[in-house]
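Colleague: What follows is a structure written as structure tokens; I'll ask about it next.
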Amino acid sequence: MPIDFLYPEYEVVRNADRCIACRVCERQCANEVHFYDPENKRMMSDESKCVNCHRCVSLCPTRALKIVKTDHTFKENASWSGTNIAEIYRQAGSGGVLLSSMGNPKQYPIYWDHILINASQVTNPSIDPLREPMETKVFLGAKPSKIQRDDAGRLVNNLPPGLELQVPVMFSAMSYGSISYNAHESLARAATALGTFYNTGEGGLHEDFYQYGPHTIVQVASGRFGVHKAYLEAGAAIEIKMGQGAKPGIGGHLPGAKIVGDISKTRMIPEGSDAISPAPHHDIYSIEDLRQLVFSLKEATEYKKPVIVKIAAVHNVAAIASGIARSGADIIAIDGFRGGTGAAPTRIRDNVGIPIELALASVDERLRQEGIRNHVSLVIGGSIRNSADIVKAIALGADAVYIATSALLALGCHLCRNCHSGKCNWGIATQRPELVRRLNPDVGCQRLINLVTAWNHEIKEMMGGMGINSIEALRGNRLMLRGVGLNEKELEILGIKHAGE
Ligand code: SF4
Ligand code: SF4
């Protein structure tokens with residue numbers, strides 16, 4: 001037997017006095033960590049299979065379990081961390097590309113945590129959001145550059161169609177296939193109740209979810225899975241996915257093992273066949289080509305739907321966004337390098353792209369300089385963790401944000417980063433019926449509504465503190481932000497002053 005150089009990352013600590021051998025942990029763990037030893041009449045663990053998803057810890061009736069990070073270490077040094085060494089062993093064993101789930105975990109700067117928000121004192125008094133009206137409604141799409149009136153003095157409104165959001169938050173693209181039916185249902189129902197939108201991702205729209213069409217963004221990605229006229233017509237907006245923050249520059253791959261039943265039907269590909277989205281759209285090699293697709297989609301839907309173009313945040317994002325704004329797109333979505341994914345090559349996820357904070361600030365600035373900021377709305381995602389991140393994003397120039405990892409956490413995700421295994425113990429990133437059933441859509445929907453409602457209250461409180469009573473007045477208002485611990489270049493790109501200035 002070949003030697004396995006890897007030592008388990010986690011240890012299962014079972015309190016023998018508390019464990020009653022009920023075997024709940026054994027039944028709950030799809031990774032088969034726990035098992036019963038009949039000879040010794042006690043529970044045992046195979047820790048090499050543990051991904052630290054906490055399902056067993058949460059459901060153990062006697063609180064007998066905890067999972068700890070092992071203190072066994074490789075002989076590390078500054079250059080060779082335990083992770084680097086373990087990855088070499090893994091690749092030397094498999095000969096394959098390393099795969100990872102969820103967003104970039106590396107120690108790059110998180111600019112949200114270096115930005116502070118202003119508050120009114122003495123002059124320009126703050127506003128009490130409990131007693132005074134506070135507007136967090138957002139309209140996405142082209143805005144007028146100036147007020148136009150006809151000969152009779154009436155306002156001329158010939159704007160293309162847009163999206164109306166009751167809260168400045170939408171659920172980002174996650175395909176049916178990468179996440180479960182029950183997760184999709186939770187997102188669709190919550191978006192409807194909140195007056196916002198969820199996004200099909202590139203997996204098509206399950207027939208059961210057409211009823212949520214007015215709160216659905218339907219995506220058109222390079223694989224064109226599940227794209228047909230009724231699909232385009234079902235959504236409130238159409239999103240062309242050019243890139244994704246977790247894996248800029250490469251395509252997607254949902255293994256054939258996951259293309260079963262309704263997933264194969266919804267994607268319109270045979271059961272068992274791999275769903276491979278090519279890296280580029282094979283009909284788009286320029287802004288002119290993109291423009292053709294934007295207008296093809298508008299034409300197909302009789303110019304009734306706004307079109308979003310989604311890109312990953314990369315080095316020259318401002319120039320790319322400028323081109324997209326001229327392509328006829330109504331909304332640009334930018335996904336930062338911390339954005340989540342069901343599966344991505346680890347090297348790409350951890351090394352490609354740029355932080356969304358810098359991308360957003362430079363895109364907003366560039367569009368303003370070119371006088372085309374009002375031609376499009378900006379939606380950003382890829383690391384929004386709380387309501388303060390949203391306020392900072394809007395003050396840096398975003399119209400609204402996309403959330404995905406936060407939404408999955410609300411559904412019960414424990415960030416075990418094992419989505420690509422298809423064995424999500426929380427019923428989210430899985431298609432196994434016995435696991436999918438663990439996520440109750442009624443509960444999931446309510447938890448999403450609670451999260452976004454709570455954030456919306458907090459946004460109003462922060463706006464009130466600044467003496468601002470509408471999102472529109474906060475958008476791009478960088479005077480409300482100050483940096484801490486940032487260098488001159490970072491402050492310049494973010495377009496904010498240092499704290500104390
Ligand atoms: S769920 Fe808890 S009490 Fe039940 S067997 Fe597992 S560790 Fe023991
Ligand atoms: S969705 Fe499931 S598998 Fe993925 S990180 Fe969350 S708990 Fe783990």
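Chain identifiers are assigned as A, B, and so on, following the order in which chains appear in the structure tokens; residues are numbered from 1 within each chain, and ligands are numbered from 1 in order of appearance.
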Hey, could you make a per-residue contact list for chain A against ligand 2 with 10 Å as the cut-off, showing the nearest pair of atoms and its distance in Å to one decimal, counting only C-alpha atoms and all ligand atoms, sorted by chain and number, as a tab-separated table?

Modeller:
residue	atom	partner	partner_atom_place_in_ligand_line	distance
A:Val51	CA	ligand 2	8 (Fe)	8.0
A:Asn52	CA	ligand 2	8 (Fe)	8.4
A:Cys53	CA	ligand 2	7 (S)	5.7
A:His54	CA	ligand 2	7 (S)	8.4
A:Arg55	CA	ligand 2	7 (S)	8.5
A:Ser100	CA	ligand 2	5 (S)	10.0
A:Ser101	CA	ligand 2	4 (Fe)	6.8
A:Met102	CA	ligand 2	5 (S)	6.3
A:Gly103	CA	ligand 2	5 (S)	9.7
A:Ser178	CA	ligand 2	1 (S)	9.3
A:Ile179	CA	ligand 2	1 (S)	7.6
A:Ser180	CA	ligand 2	1 (S)	9.6
A:Ala183	CA	ligand 2	1 (S)	9.6
A:Gly340	CA	ligand 2	5 (S)	9.4
A:Thr341	CA	ligand 2	4 (Fe)	8.9
A:Gly342	CA	ligand 2	4 (Fe)	7.0
A:Ala343	CA	ligand 2	4 (Fe)	9.5
A:Thr405	CA	ligand 2	6 (Fe)	8.2
A:Leu408	CA	ligand 2	1 (S)	6.4
A:Leu409	CA	ligand 2	6 (Fe)	7.0
A:Leu411	CA	ligand 2	1 (S)	8.8
A:Gly412	CA	ligand 2	7 (S)	7.0
A:Cys413	CA	ligand 2	6 (Fe)	3.7
A:His414	CA	ligand 2	7 (S)	4.5
A:Leu415	CA	ligand 2	5 (S)	3.7
A:Cys416	CA	ligand 2	8 (Fe)	4.0
A:Arg417	CA	ligand 2	5 (S)	3.9
A:Asn418	CA	ligand 2	3 (S)	4.3
A:Cys419	CA	ligand 2	3 (S)	3.6
A:His420	CA	ligand 2	3 (S)	7.2
A:Ser421	CA	ligand 2	3 (S)	7.4
A:Gly422	CA	ligand 2	3 (S)	7.1
A:Lys423	CA	ligand 2	3 (S)	6.5
A:Cys424	CA	ligand 2	3 (S)	3.9
A:Asn425	CA	ligand 2	2 (Fe)	6.2
A:Trp426	CA	ligand 2	2 (Fe)	5.6
A:Gly427	CA	ligand 2	2 (Fe)	6.8
A:Ile428	CA	ligand 2	1 (S)	5.1
A:Ala429	CA	ligand 2	1 (S)	4.7
A:Thr430	CA	ligand 2	2 (Fe)	7.6

Colleague: How would the residues just chosen look if you wrote them out with N, CA and C atoms as a compact mmCIF listing (two decimals), in the first residue's frame?

Modeller:
# COMPACT_ATOMS: atom_id res chain seq x y z
N VAL A 51 -14.50 17.17 6.76
CA VAL A 51 -14.30 18.46 6.08
C VAL A 51 -14.69 19.62 6.99
N ASN A 52 -15.00 19.33 8.24
CA ASN A 52 -15.35 20.36 9.24
C ASN A 52 -16.60 21.14 8.85
N CYS A 53 -17.65 20.40 8.44
CA CYS A 53 -18.89 21.08 8.04
C CYS A 53 -19.82 21.30 9.23
N HIS A 54 -19.52 20.70 10.37
CA HIS A 54 -20.24 20.91 11.63
C HIS A 54 -21.64 20.32 11.67
N ARG A 55 -22.01 19.51 10.67
CA ARG A 55 -23.36 18.93 10.70
C ARG A 55 -23.51 18.05 11.96
N SER A 100 -11.03 23.64 -5.73
CA SER A 100 -11.50 24.21 -4.47
C SER A 100 -12.89 24.78 -4.64
N SER A 101 -13.55 24.98 -3.51
CA SER A 101 -14.88 25.60 -3.52
C SER A 101 -14.85 26.89 -2.71
N MET A 102 -15.89 27.67 -2.89
CA MET A 102 -16.07 28.96 -2.24
C MET A 102 -14.94 29.92 -2.64
N GLY A 103 -14.83 31.07 -1.94
CA GLY A 103 -13.96 32.14 -2.44
C GLY A 103 -12.51 32.04 -2.00
N SER A 178 -25.37 23.33 -9.42
CA SER A 178 -24.31 23.61 -8.45
C SER A 178 -24.93 23.70 -7.06
N ILE A 179 -26.15 24.24 -6.97
CA ILE A 179 -26.88 24.20 -5.70
C ILE A 179 -28.18 23.42 -5.91
N SER A 180 -28.81 23.08 -4.82
CA SER A 180 -29.95 22.16 -4.88
C SER A 180 -31.25 22.87 -5.26
N ALA A 183 -32.44 24.89 -2.32
CA ALA A 183 -31.70 26.15 -2.16
C ALA A 183 -32.23 27.18 -3.16
N GLY A 340 -17.40 33.56 -4.53
CA GLY A 340 -17.49 32.12 -4.31
C GLY A 340 -17.69 31.35 -5.60
N THR A 341 -17.59 30.05 -5.46
CA THR A 341 -17.82 29.16 -6.60
C THR A 341 -18.12 27.76 -6.08
N GLY A 342 -18.83 26.99 -6.88
CA GLY A 342 -19.05 25.59 -6.53
C GLY A 342 -17.78 24.78 -6.73
N ALA A 343 -17.00 25.16 -7.73
CA ALA A 343 -15.72 24.48 -7.98
C ALA A 343 -14.88 25.35 -8.89
N THR A 405 -22.25 34.01 -1.10
CA THR A 405 -21.75 33.26 0.07
C THR A 405 -22.55 33.63 1.31
N LEU A 408 -25.80 31.85 1.22
CA LEU A 408 -25.67 30.42 1.54
C LEU A 408 -25.44 30.22 3.04
N LEU A 409 -24.67 31.12 3.65
CA LEU A 409 -24.47 31.03 5.10
C LEU A 409 -25.82 31.16 5.81
N LEU A 411 -28.54 30.18 4.74
CA LEU A 411 -29.26 28.91 4.54
C LEU A 411 -28.68 27.78 5.39
N GLY A 412 -27.55 28.03 6.04
CA GLY A 412 -26.97 26.99 6.90
C GLY A 412 -25.60 26.51 6.47
N CYS A 413 -25.08 27.04 5.36
CA CYS A 413 -23.72 26.68 4.93
C CYS A 413 -22.75 26.97 6.06
N HIS A 414 -21.80 26.06 6.27
CA HIS A 414 -20.78 26.25 7.30
C HIS A 414 -19.40 26.49 6.71
N LEU A 415 -19.38 26.85 5.43
CA LEU A 415 -18.14 27.24 4.74
C LEU A 415 -17.06 26.16 4.85
N CYS A 416 -17.49 24.91 4.69
CA CYS A 416 -16.50 23.82 4.77
C CYS A 416 -15.69 23.74 3.49
N ARG A 417 -16.10 24.46 2.47
CA ARG A 417 -15.37 24.54 1.19
C ARG A 417 -15.26 23.18 0.51
N ASN A 418 -16.35 22.46 0.54
CA ASN A 418 -16.32 21.13 -0.06
C ASN A 418 -17.47 20.95 -1.04
N CYS A 419 -17.95 22.07 -1.59
CA CYS A 419 -19.12 22.01 -2.49
C CYS A 419 -18.85 21.10 -3.69
N HIS A 420 -17.60 21.10 -4.18
CA HIS A 420 -17.30 20.34 -5.39
C HIS A 420 -17.46 18.83 -5.20
N SER A 421 -17.55 18.38 -3.94
CA SER A 421 -17.71 16.94 -3.70
C SER A 421 -19.15 16.48 -3.95
N GLY A 422 -20.09 17.44 -3.95
CA GLY A 422 -21.50 17.07 -4.13
C GLY A 422 -22.10 16.44 -2.88
N LYS A 423 -21.35 16.48 -1.75
CA LYS A 423 -21.85 15.83 -0.53
C LYS A 423 -22.14 16.84 0.56
N CYS A 424 -22.74 17.96 0.18
CA CYS A 424 -23.02 19.01 1.16
C CYS A 424 -24.01 18.49 2.21
N ASN A 425 -23.53 18.41 3.43
CA ASN A 425 -24.37 17.87 4.51
C ASN A 425 -25.51 18.80 4.89
N TRP A 426 -25.47 20.03 4.40
CA TRP A 426 -26.54 20.98 4.74
C TRP A 426 -27.58 21.10 3.63
N GLY A 427 -27.50 20.26 2.62
CA GLY A 427 -28.54 20.21 1.59
C GLY A 427 -28.47 21.35 0.58
N ILE A 428 -27.32 22.04 0.52
CA ILE A 428 -27.23 23.22 -0.35
C ILE A 428 -26.53 22.87 -1.67
N ALA A 429 -25.23 22.51 -1.58
CA ALA A 429 -24.47 22.22 -2.81
C ALA A 429 -24.47 20.72 -3.06
N THR A 430 -25.62 20.18 -3.27
CA THR A 430 -25.75 18.73 -3.48
C THR A 430 -27.00 18.45 -4.29

Colleague: Set the cut-off to 12 Å, count only C-alpha atoms and all ligand atoms, and list whatever residues fall near ligand 1 as a VMD selection string.

Modeller: chain A and resid 12 to 29 33 to 37 41 to 45 54 to 67

Colleague: Limited to N, CA and C atoms, could you put the picked residues into a file as a compact mmCIF listing (two decimals), in the first residue's frame?

Modeller:
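Output file part-v1.txt follows:
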# COMPACT_ATOMS: atom_id res chain seq x y z
N VAL A 12 -11.69 14.86 15.30
CA VAL A 12 -13.02 14.75 15.89
C VAL A 12 -12.82 14.44 17.37
N VAL A 13 -13.24 15.37 18.22
CA VAL A 13 -13.09 15.15 19.67
C VAL A 13 -14.46 14.73 20.20
N ARG A 14 -14.52 13.48 20.67
CA ARG A 14 -15.80 12.93 21.14
C ARG A 14 -15.71 12.75 22.66
N ASN A 15 -16.60 13.39 23.38
CA ASN A 15 -16.61 13.28 24.84
C ASN A 15 -17.29 11.96 25.21
N ALA A 16 -16.48 11.00 25.68
CA ALA A 16 -17.00 9.64 25.93
C ALA A 16 -18.07 9.63 27.01
N ASP A 17 -17.99 10.56 27.97
CA ASP A 17 -18.99 10.61 29.03
C ASP A 17 -20.35 11.08 28.51
N ARG A 18 -20.30 11.90 27.47
CA ARG A 18 -21.57 12.44 26.95
C ARG A 18 -22.17 11.58 25.85
N CYS A 19 -21.33 10.92 25.08
CA CYS A 19 -21.83 10.17 23.91
C CYS A 19 -22.71 9.00 24.36
N ILE A 20 -23.90 8.94 23.81
CA ILE A 20 -24.84 7.86 24.15
C ILE A 20 -24.96 6.86 23.00
N ALA A 21 -24.05 6.97 22.04
CA ALA A 21 -24.02 6.05 20.88
C ALA A 21 -25.36 6.00 20.15
N CYS A 22 -25.98 7.15 20.00
CA CYS A 22 -27.28 7.20 19.30
C CYS A 22 -27.10 7.08 17.79
N ARG A 23 -25.90 7.31 17.31
CA ARG A 23 -25.50 7.18 15.90
C ARG A 23 -26.10 8.24 14.97
N VAL A 24 -26.58 9.32 15.59
CA VAL A 24 -27.06 10.45 14.77
C VAL A 24 -25.94 10.96 13.87
N CYS A 25 -24.75 11.12 14.44
CA CYS A 25 -23.63 11.66 13.66
C CYS A 25 -23.32 10.75 12.46
N GLU A 26 -23.42 9.45 12.67
CA GLU A 26 -23.15 8.50 11.59
C GLU A 26 -24.16 8.69 10.45
N ARG A 27 -25.42 8.85 10.82
CA ARG A 27 -26.47 9.01 9.80
C ARG A 27 -26.37 10.37 9.10
N GLN A 28 -25.92 11.38 9.83
CA GLN A 28 -25.93 12.73 9.27
C GLN A 28 -24.72 13.03 8.38
N CYS A 29 -23.66 12.25 8.51
CA CYS A 29 -22.42 12.60 7.81
C CYS A 29 -22.32 11.89 6.46
N VAL A 33 -17.63 9.88 8.18
CA VAL A 33 -16.59 10.06 9.19
C VAL A 33 -16.85 9.16 10.40
N HIS A 34 -18.12 9.08 10.83
CA HIS A 34 -18.45 8.39 12.08
C HIS A 34 -18.95 6.97 11.80
N PHE A 35 -18.58 6.05 12.65
CA PHE A 35 -19.10 4.68 12.53
C PHE A 35 -19.12 4.02 13.91
N TYR A 36 -19.96 2.99 14.00
CA TYR A 36 -20.14 2.32 15.29
C TYR A 36 -19.26 1.07 15.34
N ASP A 37 -18.55 0.93 16.43
CA ASP A 37 -17.71 -0.25 16.63
C ASP A 37 -18.48 -1.21 17.55
N LYS A 41 -18.56 -1.46 21.46
CA LYS A 41 -19.79 -0.73 21.75
C LYS A 41 -19.53 0.78 21.91
N ARG A 42 -18.86 1.35 20.93
CA ARG A 42 -18.64 2.79 20.99
C ARG A 42 -18.48 3.36 19.59
N MET A 43 -18.64 4.68 19.50
CA MET A 43 -18.52 5.37 18.23
C MET A 43 -17.06 5.65 17.93
N MET A 44 -16.71 5.55 16.65
CA MET A 44 -15.34 5.82 16.21
C MET A 44 -15.38 6.86 15.08
N SER A 45 -14.24 7.38 14.72
CA SER A 45 -14.18 8.39 13.64
C SER A 45 -13.04 8.09 12.69
N HIS A 54 -19.52 20.70 10.37
CA HIS A 54 -20.24 20.91 11.63
C HIS A 54 -21.64 20.32 11.67
N ARG A 55 -22.01 19.51 10.67
CA ARG A 55 -23.36 18.93 10.70
C ARG A 55 -23.51 18.05 11.96
N CYS A 56 -22.51 17.22 12.23
CA CYS A 56 -22.60 16.31 13.38
C CYS A 56 -22.60 17.11 14.69
N VAL A 57 -21.76 18.13 14.73
CA VAL A 57 -21.66 18.94 15.95
C VAL A 57 -23.01 19.59 16.25
N SER A 58 -23.66 20.11 15.19
CA SER A 58 -24.92 20.82 15.38
C SER A 58 -26.05 19.87 15.78
N LEU A 59 -26.01 18.62 15.28
CA LEU A 59 -27.14 17.73 15.55
C LEU A 59 -26.92 16.74 16.70
N CYS A 60 -25.73 16.65 17.21
CA CYS A 60 -25.49 15.73 18.33
C CYS A 60 -26.38 16.14 19.51
N PRO A 61 -27.25 15.23 19.98
CA PRO A 61 -28.22 15.63 21.01
C PRO A 61 -27.58 15.89 22.38
N THR A 62 -26.35 15.40 22.58
CA THR A 62 -25.74 15.57 23.91
C THR A 62 -24.54 16.52 23.89
N ARG A 63 -24.34 17.19 22.78
CA ARG A 63 -23.19 18.09 22.63
C ARG A 63 -21.89 17.36 22.97
N ALA A 64 -21.77 16.16 22.44
CA ALA A 64 -20.60 15.34 22.76
C ALA A 64 -19.44 15.58 21.80
N LEU A 65 -19.70 16.33 20.71
CA LEU A 65 -18.69 16.44 19.65
C LEU A 65 -18.13 17.83 19.51
N LYS A 66 -16.86 17.91 19.18
CA LYS A 66 -16.32 19.15 18.63
C LYS A 66 -15.25 18.77 17.62
N ILE A 67 -15.10 19.63 16.63
CA ILE A 67 -14.08 19.39 15.60
C ILE A 67 -13.00 20.45 15.81

Colleague: Name the closest residue to Arg189 (chain A) among the candidates A:Pro214, A:Gly465, A:Pro160, A:Gly500; distances are taken between atoms, counting only C-alpha atoms.

Modeller: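 Checking each candidate against Arg189 (chain A), we get A:Pro214 as the closest.
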
Colleague: Check the smallest atom-to-atom distance from each of A:His206, A:His375, A:Lys247, A:Arg366 to Ser264 (chain A) using only C-alpha atoms, then report the winner.

Modeller: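 Under the stated criterion, the closest residue is A:His206.
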
Colleague: Grab the CA of Asp289 (chain A) to CA of Ala325 (chain A) distance for me, in Å with one decimal place.

Modeller: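 Separating CA of Asp289 (chain A) from CA of Ala325 (chain A) is a distance of 13.7 Å.
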
Colleague: Enumerate as a ChimeraX atom specification all residues of region 53-251 of chain A assigned to strand (DSSP E or B) by DSSP on the backbone, naming them with the chain letters and numbers the document uses.

Modeller: /A:65-69,99-100,115-117,135,138-140,149,155,163-165,169-171,173,176,179,198-199,216-220,237-241

Colleague: Mind checking DSSP for region 254-464 of chain A and telling me the alpha helix (DSSP H) residues as a PyMOL selection string?

Modeller: chain A and resi 261-267+287-300+317-325+346-351+356-369+387-396+405-411+433-436+441-464

Colleague: Please identify all polymer residues within 6 Å of Gly245 (chain A), counting only C-alpha atoms, omitting same-chain residues fewer than 6 positions from it, and present them as a compact mmCIF listing (two decimals) with N, CA and C atoms, in the first residue's frame.

Modeller:
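Saved the output as part.txt:
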# COMPACT_ATOMS: atom_id res chain seq x y z
N ALA A 312 -15.55 39.51 -14.43
CA ALA A 312 -14.70 39.37 -13.26
C ALA A 312 -13.84 40.62 -13.13
N ASP A 335 -17.58 41.11 -10.48
CA ASP A 335 -17.41 40.10 -9.44
C ASP A 335 -15.95 40.09 -8.99
N GLY A 336 -15.70 40.36 -7.72
CA GLY A 336 -14.34 40.45 -7.21
C GLY A 336 -13.70 39.10 -6.98
N PHE A 337 -12.38 39.13 -6.74
CA PHE A 337 -11.64 37.87 -6.67
C PHE A 337 -11.90 37.05 -5.41
N GLY A 339 -15.00 36.23 -4.76
CA GLY A 339 -16.31 35.65 -5.07
C GLY A 339 -16.28 34.12 -4.95
